[in-house]
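> Take a look at this one; I'll ask things after.
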Protein chains: 2
Amino acid sequence: MPTKTPLIGIDWGTSNCRGYLLSATGNVLDHVSDPRGIATVENNQFQLVLEDICGDWLAAHPNSPLLLSGMIGSRQGWIEAPYCPCPCALESIHQHAVALPSDRLTGYVVPGLSAFGLSGAPDVIRGEETQIAGLAALQPGLTGTVCLPGSHSKWVSLRNNRIEGFSTFLTGELFGALCDHTLLGRLITNDPCSPHAFSRGLEQSTAAGGLLHQLFSARTRGLAGDLGGGDIASYLSGILIGSEIRAVAEQDYLEDTVHLIGGNDAAHRYHEALQSVGAKVTLWPGQEVTAAGLWLLGRQLGLCDDCPNE
Amino acid sequence: MPTKTPLIGIDWGTSNCRGYLLSATGNVLDHVSDPRGIATVENNQFQLVLEDICGDWLAAHPNSPLLLSGMIGSRQGWIEAPYCPCPCALESIHQHAVALPSDRLTGYVVPGLSAFGLSGAPDVIRGEETQIAGLAALQPGLTGTVCLPGSHSKWVSLRNNRIEGFSTFLTGELFGALCDHTLLGRLITNDPCSPHAFSRGLEQSTAAGGLLHQLFSARTRGLAGDLGGGDIASYLSGILIGSEIRAVAEQDYLEDTVHLIGGNDAAHRYHEALQSVGAKVTLWPGQEVTAAGLWLLGRQLGLCDDCPNE
């Protein structure tokens, strides 16, 4: 039985690269994870690195097209795929894809999206638009709020197959900076996540005085022995994620079901925090959603053998 | 004319040491600033470092007593002077001073204070209690809110010669961590403070979405060219100080006059932020207040020649 040419989908971010070999019907035939994020690629050698990461697939399927999402389409990436402004229909994203600047490889880079966040300031996403397309592929017509935890957490409004807008929160990156580069972090020992300390942090995030005051309690509780060294990181995480959830709860982000994308520890902590404020949450596995999004956009771009629009 | 023995007052913090040679009537006869904060002192050699910093004064006035305030009285300092719980009468602080563990030097270490902050968590100050005693020395009977900007900014309620309580905010240290250790900081160039960008940050701190979302706008405005590299640090400072001021404004901290202690750039930024929310502010020079506090506590401890209680 002849094999149809698969699609190679690549989620290429700042600090890592994940590849998916996708059948014409969207099945993940193979996958790869590589630490060579775009920040590690020197002298614009993106094509060589990509051919190395996907070497086996390209050898077996030399005509396979590629579809790349994430920071690879930023100004620091291989080729810039400009941001599409929101509101943005999911079926129009692929129209703004940019062809790969290559004479050996065929394919496209997915654009990011721009919007004005809750604060009224400009906001951007790159990579998350593909995951949201994946949600729509897995459950057509899905509506609600999409939460994508990370260094820069994203909250996205999805309605009638359109991304209405989104807001970014610095939660994950700020957590790292606090643990690694402030006095708060000096008391931290490398113990596993403490669910109890995380809950205490969530509770602290609802106290008076605001985030900058609440954070200092990690130090004083640590000095007083009220929090052990193994508890402080979880406690800080609770304060930060709790603060983020409170901010979105004050807007209309939690009125619909929250579709929480992820499969790591952070997603579980967001799940707990969202449940603590009574939100209705559906958890989606991040890599599955990404692969589904790359496949859907690939179909729309005519990169899959059985694409209906070919 | 014989000279009375002066008092040597030392404000010894984590990252620097400031000394004052004080006459019996509280005049600053001489002063010194030294980068050897307690964090730089190895093997508990505090006495040797102190004798080096104050060598000229000790040679001229070998019988001068010393009074030390700040982190020198912490567990990481020379000798621990345990925290006094608030509410705490200003005239009782000196009763908790701890004698220097020295056979060559005479004097005391001032204790810190403890309280429960706005969030309900334990909170501590060390060094600021001496500055507040200094305010009371400069203007007896002074009442209101005292704001002490810094890495860990303090807001203190002072009433009827008592410190009623206080709250700490991580503002200064978080600013440093954001500028030096996050993606936000990568766009920053070393330009002087931009008052216009600071004002824009203050305004952003009142927008929807909370601090974690507001901070991300420093990145997006930077990428969009809406903020230049020289503006981003000032803008971030505005968001953080604005957030702190908003949090205290939601409590009763701004109902009285705010006595703002400092004389550096940070104090001027706090002044502007406080004026922007209509607070009544009095600015006090930090080193003058510290010297006055060391002198007042020294008098109360009987370390000054003309002390009335000797």
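Chain identifiers are assigned as A, B, and so on, following the order in which chains appear in the structure tokens; residues are numbered from 1 within each chain, and ligands are numbered from 1 in order of appearance.
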Kindly determine which residues of chain B lie within 6 Å of chain A, considering only C-alpha atoms, and give the answer as a count of residues only.
19
> Which neighbours of stretch 265-279 of chain A fall inside 9 Å, counting only C-alpha atoms, when residues of the same chain fewer than 4 positions from it are skipped, and could you give them as a PDB file with N, CA, C and O atoms, in the first residue's frame?

```pdb
ATOM      1  N   CYS A 147      -6.587  29.211  28.150  1.00  0.00           N
ATOM      2  CA  CYS A 147      -5.466  29.598  29.013  1.00  0.00           C
ATOM      3  C   CYS A 147      -4.254  28.759  28.642  1.00  0.00           C
ATOM      4  O   CYS A 147      -4.327  27.530  28.638  1.00  0.00           O
ATOM      5  N   LEU A 148      -3.143  29.450  28.321  1.00  0.00           N
ATOM      6  CA  LEU A 148      -1.913  28.760  27.936  1.00  0.00           C
ATOM      7  C   LEU A 148      -0.810  29.163  28.907  1.00  0.00           C
ATOM      8  O   LEU A 148      -0.146  30.184  28.722  1.00  0.00           O
ATOM      9  N   PRO A 149      -0.615  28.396  29.998  1.00  0.00           N
ATOM     10  CA  PRO A 149       0.410  28.741  30.992  1.00  0.00           C
ATOM     11  C   PRO A 149       1.798  28.684  30.388  1.00  0.00           C
ATOM     12  O   PRO A 149       2.037  27.916  29.447  1.00  0.00           O
ATOM     13  N   GLY A 150       2.707  29.481  30.927  1.00  0.00           N
ATOM     14  CA  GLY A 150       4.073  29.450  30.430  1.00  0.00           C
ATOM     15  C   GLY A 150       4.871  30.593  31.017  1.00  0.00           C
ATOM     16  O   GLY A 150       4.420  31.285  31.925  1.00  0.00           O
ATOM     17  N   GLY A 172       5.297  33.236  34.621  1.00  0.00           N
ATOM     18  CA  GLY A 172       6.331  32.206  34.671  1.00  0.00           C
ATOM     19  C   GLY A 172       7.730  32.805  34.727  1.00  0.00           C
ATOM     20  O   GLY A 172       8.573  32.377  35.520  1.00  0.00           O
ATOM     21  N   CYS A 193       7.505  20.006  44.399  1.00  0.00           N
ATOM     22  CA  CYS A 193       6.384  20.927  44.608  1.00  0.00           C
ATOM     23  C   CYS A 193       5.561  20.510  45.824  1.00  0.00           C
ATOM     24  O   CYS A 193       5.285  19.329  46.024  1.00  0.00           O
ATOM     25  N   PRO A 195       2.026  20.812  47.422  1.00  0.00           N
ATOM     26  CA  PRO A 195       0.643  21.256  47.161  1.00  0.00           C
ATOM     27  C   PRO A 195       0.100  22.120  48.296  1.00  0.00           C
ATOM     28  O   PRO A 195      -0.630  23.080  48.051  1.00  0.00           O
ATOM     29  N   PHE A 198       1.558  25.578  47.966  1.00  0.00           N
ATOM     30  CA  PHE A 198       0.935  26.230  46.814  1.00  0.00           C
ATOM     31  C   PHE A 198      -0.437  26.782  47.191  1.00  0.00           C
ATOM     32  O   PHE A 198      -0.774  27.933  46.871  1.00  0.00           O
ATOM     33  N   SER A 199      -1.221  25.988  47.915  1.00  0.00           N
ATOM     34  CA  SER A 199      -2.547  26.453  48.363  1.00  0.00           C
ATOM     35  C   SER A 199      -2.423  27.660  49.288  1.00  0.00           C
ATOM     36  O   SER A 199      -3.233  28.586  49.222  1.00  0.00           O
ATOM     37  N   LEU A 202      -1.866  30.599  47.096  1.00  0.00           N
ATOM     38  CA  LEU A 202      -3.134  31.027  46.465  1.00  0.00           C
ATOM     39  C   LEU A 202      -3.945  31.873  47.435  1.00  0.00           C
ATOM     40  O   LEU A 202      -4.506  32.915  47.074  1.00  0.00           O
ATOM     41  N   SER A 237       4.816  30.426  43.753  1.00  0.00           N
ATOM     42  CA  SER A 237       4.049  30.067  42.567  1.00  0.00           C
ATOM     43  C   SER A 237       2.556  30.277  42.837  1.00  0.00           C
ATOM     44  O   SER A 237       1.823  30.787  41.980  1.00  0.00           O
ATOM     45  N   GLY A 238       2.104  29.913  44.036  1.00  0.00           N
ATOM     46  CA  GLY A 238       0.700  30.114  44.394  1.00  0.00           C
ATOM     47  C   GLY A 238       0.315  31.583  44.409  1.00  0.00           C
ATOM     48  O   GLY A 238      -0.757  31.958  43.923  1.00  0.00           O
ATOM     49  N   ILE A 241       0.370  32.771  40.503  1.00  0.00           N
ATOM     50  CA  ILE A 241      -0.729  32.230  39.687  1.00  0.00           C
ATOM     51  C   ILE A 241      -2.064  32.720  40.250  1.00  0.00           C
ATOM     52  O   ILE A 241      -2.981  33.081  39.505  1.00  0.00           O
ATOM     53  N   GLY A 242      -2.169  32.798  41.573  1.00  0.00           N
ATOM     54  CA  GLY A 242      -3.389  33.328  42.180  1.00  0.00           C
ATOM     55  C   GLY A 242      -3.641  34.767  41.761  1.00  0.00           C
ATOM     56  O   GLY A 242      -4.778  35.164  41.483  1.00  0.00           O
ATOM     57  N   ILE A 245      -4.918  34.736  38.173  1.00  0.00           N
ATOM     58  CA  ILE A 245      -6.307  34.259  38.087  1.00  0.00           C
ATOM     59  C   ILE A 245      -7.269  35.337  38.607  1.00  0.00           C
ATOM     60  O   ILE A 245      -8.350  35.545  38.056  1.00  0.00           O
ATOM     61  N   ARG A 246      -6.869  36.022  39.676  1.00  0.00           N
ATOM     62  CA  ARG A 246      -7.725  37.101  40.208  1.00  0.00           C
ATOM     63  C   ARG A 246      -7.930  38.185  39.169  1.00  0.00           C
ATOM     64  O   ARG A 246      -9.011  38.730  39.006  1.00  0.00           O
ATOM     65  N   ALA A 249     -10.242  36.976  36.543  1.00  0.00           N
ATOM     66  CA  ALA A 249     -11.587  36.795  37.099  1.00  0.00           C
ATOM     67  C   ALA A 249     -12.318  38.125  37.197  1.00  0.00           C
ATOM     68  O   ALA A 249     -13.547  38.174  37.107  1.00  0.00           O
ATOM     69  N   LEU A 254     -13.447  34.346  32.888  1.00  0.00           N
ATOM     70  CA  LEU A 254     -13.811  33.079  33.540  1.00  0.00           C
ATOM     71  C   LEU A 254     -15.301  32.789  33.447  1.00  0.00           C
ATOM     72  O   LEU A 254     -15.776  31.825  34.036  1.00  0.00           O
ATOM     73  N   GLU A 255     -16.039  33.604  32.707  1.00  0.00           N
ATOM     74  CA  GLU A 255     -17.480  33.352  32.608  1.00  0.00           C
ATOM     75  C   GLU A 255     -17.771  32.131  31.757  1.00  0.00           C
ATOM     76  O   GLU A 255     -18.700  31.372  32.037  1.00  0.00           O
ATOM     77  N   ASP A 256     -16.983  31.922  30.699  1.00  0.00           N
ATOM     78  CA  ASP A 256     -17.114  30.716  29.877  1.00  0.00           C
ATOM     79  C   ASP A 256     -16.228  29.612  30.450  1.00  0.00           C
ATOM     80  O   ASP A 256     -15.445  29.843  31.361  1.00  0.00           O
ATOM     81  N   THR A 257     -16.350  28.428  29.853  1.00  0.00           N
ATOM     82  CA  THR A 257     -15.414  27.354  30.181  1.00  0.00           C
ATOM     83  C   THR A 257     -13.992  27.793  29.849  1.00  0.00           C
ATOM     84  O   THR A 257     -13.753  28.443  28.828  1.00  0.00           O
ATOM     85  N   VAL A 258     -13.058  27.458  30.742  1.00  0.00           N
ATOM     86  CA  VAL A 258     -11.642  27.735  30.471  1.00  0.00           C
ATOM     87  C   VAL A 258     -11.010  26.480  29.884  1.00  0.00           C
ATOM     88  O   VAL A 258     -11.022  25.412  30.513  1.00  0.00           O
ATOM     89  N   LEU A 260      -7.806  24.820  29.212  1.00  0.00           N
ATOM     90  CA  LEU A 260      -6.446  24.951  29.741  1.00  0.00           C
ATOM     91  C   LEU A 260      -5.534  24.028  28.952  1.00  0.00           C
ATOM     92  O   LEU A 260      -5.717  22.809  28.934  1.00  0.00           O
ATOM     93  N   ILE A 261      -4.565  24.623  28.254  1.00  0.00           N
ATOM     94  CA  ILE A 261      -3.674  23.834  27.398  1.00  0.00           C
ATOM     95  C   ILE A 261      -2.354  23.594  28.121  1.00  0.00           C
ATOM     96  O   ILE A 261      -1.716  24.524  28.608  1.00  0.00           O
ATOM     97  N   LEU A 283      -9.106  20.420  30.484  1.00  0.00           N
ATOM     98  CA  LEU A 283      -7.654  20.322  30.301  1.00  0.00           C
ATOM     99  C   LEU A 283      -7.354  19.645  28.971  1.00  0.00           C
ATOM    100  O   LEU A 283      -7.929  18.604  28.646  1.00  0.00           O
TER     101      LEU A 283
END
```
> Of the residues A:Trp155, A:Phe166, A:Tyr108, A:Tyr235, which is the one nearest to A:Ile10, using only C-alpha atoms?
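The closest residue to A:Ile10 is A:Tyr108.
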> Tell me, which residues of stretch 85-171 of chain A carry DSSP strand (DSSP E), written as a JSON list (two decimals) with N, CA and C atoms, in the first residue's frame?

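Result file result13.json:
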```
[["chain", "number", "residue", "atom", "x", "y", "z"],
["A", 85, "PRO", "N", -3.57, 41.15, 12.99],
["A", 85, "PRO", "CA", -4.32, 41.78, 14.07],
["A", 85, "PRO", "C", -5.60, 41.01, 14.42],
["A", 88, "CYS", "N", -9.45, 37.84, 14.71],
["A", 88, "CYS", "CA", -8.88, 37.12, 13.58],
["A", 88, "CYS", "C", -9.60, 35.78, 13.45],
["A", 89, "ALA", "N", -10.23, 35.54, 12.29],
["A", 89, "ALA", "CA", -10.91, 34.26, 12.05],
["A", 89, "ALA", "C", -9.88, 33.15, 11.96],
["A", 98, "VAL", "N", 4.02, 32.56, 5.64],
["A", 98, "VAL", "CA", 5.11, 33.06, 4.78],
["A", 98, "VAL", "C", 5.93, 31.85, 4.29],
["A", 99, "ALA", "N", 6.20, 31.81, 3.00],
["A", 99, "ALA", "CA", 6.94, 30.67, 2.45],
["A", 99, "ALA", "C", 8.35, 30.60, 3.02],
["A", 107, "GLY", "N", 7.56, 24.73, 2.13],
["A", 107, "GLY", "CA", 6.66, 24.90, 3.26],
["A", 107, "GLY", "C", 6.51, 26.33, 3.68],
["A", 108, "TYR", "N", 5.94, 26.51, 4.88],
["A", 108, "TYR", "CA", 5.55, 27.84, 5.34],
["A", 108, "TYR", "C", 5.86, 28.04, 6.83],
["A", 109, "VAL", "N", 5.88, 29.33, 7.20],
["A", 109, "VAL", "CA", 5.95, 29.73, 8.60],
["A", 109, "VAL", "C", 4.61, 30.38, 8.97],
["A", 113, "LEU", "N", -0.08, 36.61, 16.15],
["A", 113, "LEU", "CA", -1.23, 37.51, 16.19],
["A", 113, "LEU", "C", -0.94, 38.69, 17.11],
["A", 114, "SER", "N", -1.56, 39.82, 16.82],
["A", 114, "SER", "CA", -1.45, 40.98, 17.70],
["A", 114, "SER", "C", -2.84, 41.40, 18.17],
["A", 115, "ALA", "N", -2.88, 42.08, 19.30],
["A", 115, "ALA", "CA", -4.14, 42.55, 19.88],
["A", 115, "ALA", "C", -3.80, 43.64, 20.88],
["A", 116, "PHE", "N", -4.84, 44.23, 21.47],
["A", 116, "PHE", "CA", -4.63, 45.09, 22.63],
["A", 116, "PHE", "C", -5.11, 44.33, 23.85],
["A", 122, "PRO", "N", -0.41, 47.23, 23.55],
["A", 122, "PRO", "CA", -0.27, 46.21, 22.51],
["A", 122, "PRO", "C", 0.14, 44.88, 23.14],
["A", 123, "ASP", "N", -0.31, 43.79, 22.53],
["A", 123, "ASP", "CA", 0.05, 42.46, 23.02],
["A", 123, "ASP", "C", 0.26, 41.55, 21.81],
["A", 124, "VAL", "N", 1.07, 40.51, 22.00],
["A", 124, "VAL", "CA", 1.38, 39.62, 20.88],
["A", 124, "VAL", "C", 1.43, 38.16, 21.34],
["A", 125, "ILE", "N", 1.08, 37.25, 20.40],
["A", 125, "ILE", "CA", 1.33, 35.82, 20.62],
["A", 125, "ILE", "C", 1.99, 35.25, 19.36],
["A", 144, "GLY", "N", -15.07, 29.84, 24.15],
["A", 144, "GLY", "CA", -14.71, 30.04, 25.55],
["A", 144, "GLY", "C", -13.38, 30.75, 25.68],
["A", 145, "THR", "N", -12.76, 30.58, 26.85],
["A", 145, "THR", "CA", -11.49, 31.21, 27.14],
["A", 145, "THR", "C", -10.41, 30.13, 27.08],
["A", 146, "VAL", "N", -9.32, 30.43, 26.41],
["A", 146, "VAL", "CA", -8.21, 29.49, 26.36],
["A", 146, "VAL", "C", -7.08, 30.04, 27.23],
["A", 147, "CYS", "N", -6.59, 29.21, 28.15],
["A", 147, "CYS", "CA", -5.47, 29.60, 29.01],
["A", 147, "CYS", "C", -4.25, 28.76, 28.64],
["A", 148, "LEU", "N", -3.14, 29.45, 28.32],
["A", 148, "LEU", "CA", -1.91, 28.76, 27.94],
["A", 148, "LEU", "C", -0.81, 29.16, 28.91],
["A", 153, "SER", "N", 2.31, 33.69, 30.19],
["A", 153, "SER", "CA", 1.00, 33.03, 30.10],
["A", 153, "SER", "C", 0.05, 33.85, 29.25],
["A", 154, "LYS", "N", -0.77, 33.13, 28.47],
["A", 154, "LYS", "CA", -1.70, 33.79, 27.57],
["A", 154, "LYS", "C", -3.13, 33.42, 27.92],
["A", 155, "TRP", "N", -4.00, 34.40, 27.87],
["A", 155, "TRP", "CA", -5.44, 34.18, 28.02],
["A", 155, "TRP", "C", -6.11, 34.69, 26.76],
["A", 156, "VAL", "N", -6.82, 33.79, 26.08],
["A", 156, "VAL", "CA", -7.33, 34.07, 24.74],
["A", 156, "VAL", "C", -8.84, 33.89, 24.71],
["A", 157, "SER", "N", -9.55, 34.83, 24.11],
["A", 157, "SER", "CA", -11.00, 34.71, 23.92],
["A", 157, "SER", "C", -11.29, 34.14, 22.55],
["A", 158, "LEU", "N", -11.98, 32.99, 22.53],
["A", 158, "LEU", "CA", -12.29, 32.30, 21.28],
["A", 158, "LEU", "C", -13.81, 32.23, 21.13],
["A", 159, "ARG", "N", -14.32, 32.72, 20.03],
["A", 159, "ARG", "CA", -15.78, 32.75, 19.86],
["A", 159, "ARG", "C", -16.11, 32.70, 18.36],
["A", 162, "ARG", "N", -13.44, 32.59, 15.90],
["A", 162, "ARG", "CA", -12.57, 33.76, 15.79],
["A", 162, "ARG", "C", -11.81, 33.93, 17.10],
["A", 163, "ILE", "N", -10.54, 34.32, 17.00],
["A", 163, "ILE", "CA", -9.79, 34.77, 18.18],
["A", 163, "ILE", "C", -10.12, 36.25, 18.35],
["A", 164, "GLU", "N", -10.90, 36.53, 19.40],
["A", 164, "GLU", "CA", -11.38, 37.90, 19.60],
["A", 164, "GLU", "C", -10.27, 38.80, 20.14],
["A", 165, "GLY", "N", -9.44, 38.25, 21.02],
["A", 165, "GLY", "CA", -8.36, 39.03, 21.62],
["A", 165, "GLY", "C", -7.65, 38.18, 22.66],
["A", 166, "PHE", "N", -6.62, 38.74, 23.29],
["A", 166, "PHE", "CA", -5.86, 37.98, 24.29],
["A", 166, "PHE", "C", -5.03, 38.93, 25.15],
["A", 167, "SER", "N", -4.55, 38.39, 26.27],
["A", 167, "SER", "CA", -3.69, 39.15, 27.18],
["A", 167, "SER", "C", -2.58, 38.25, 27.70],
["A", 168, "THR", "N", -1.40, 38.83, 27.83],
["A", 168, "THR", "CA", -0.23, 38.08, 28.29],
["A", 168, "THR", "C", 0.12, 38.48, 29.73],
["A", 169, "PHE", "N", 0.55, 37.50, 30.51],
["A", 169, "PHE", "CA", 0.97, 37.71, 31.90],
["A", 169, "PHE", "C", 2.39, 37.19, 32.06]]
```
> When you draw a straight line from atom CA of B:Glu203 to atom CA of B:Cys179, how long is it in Å?
19.6 Å
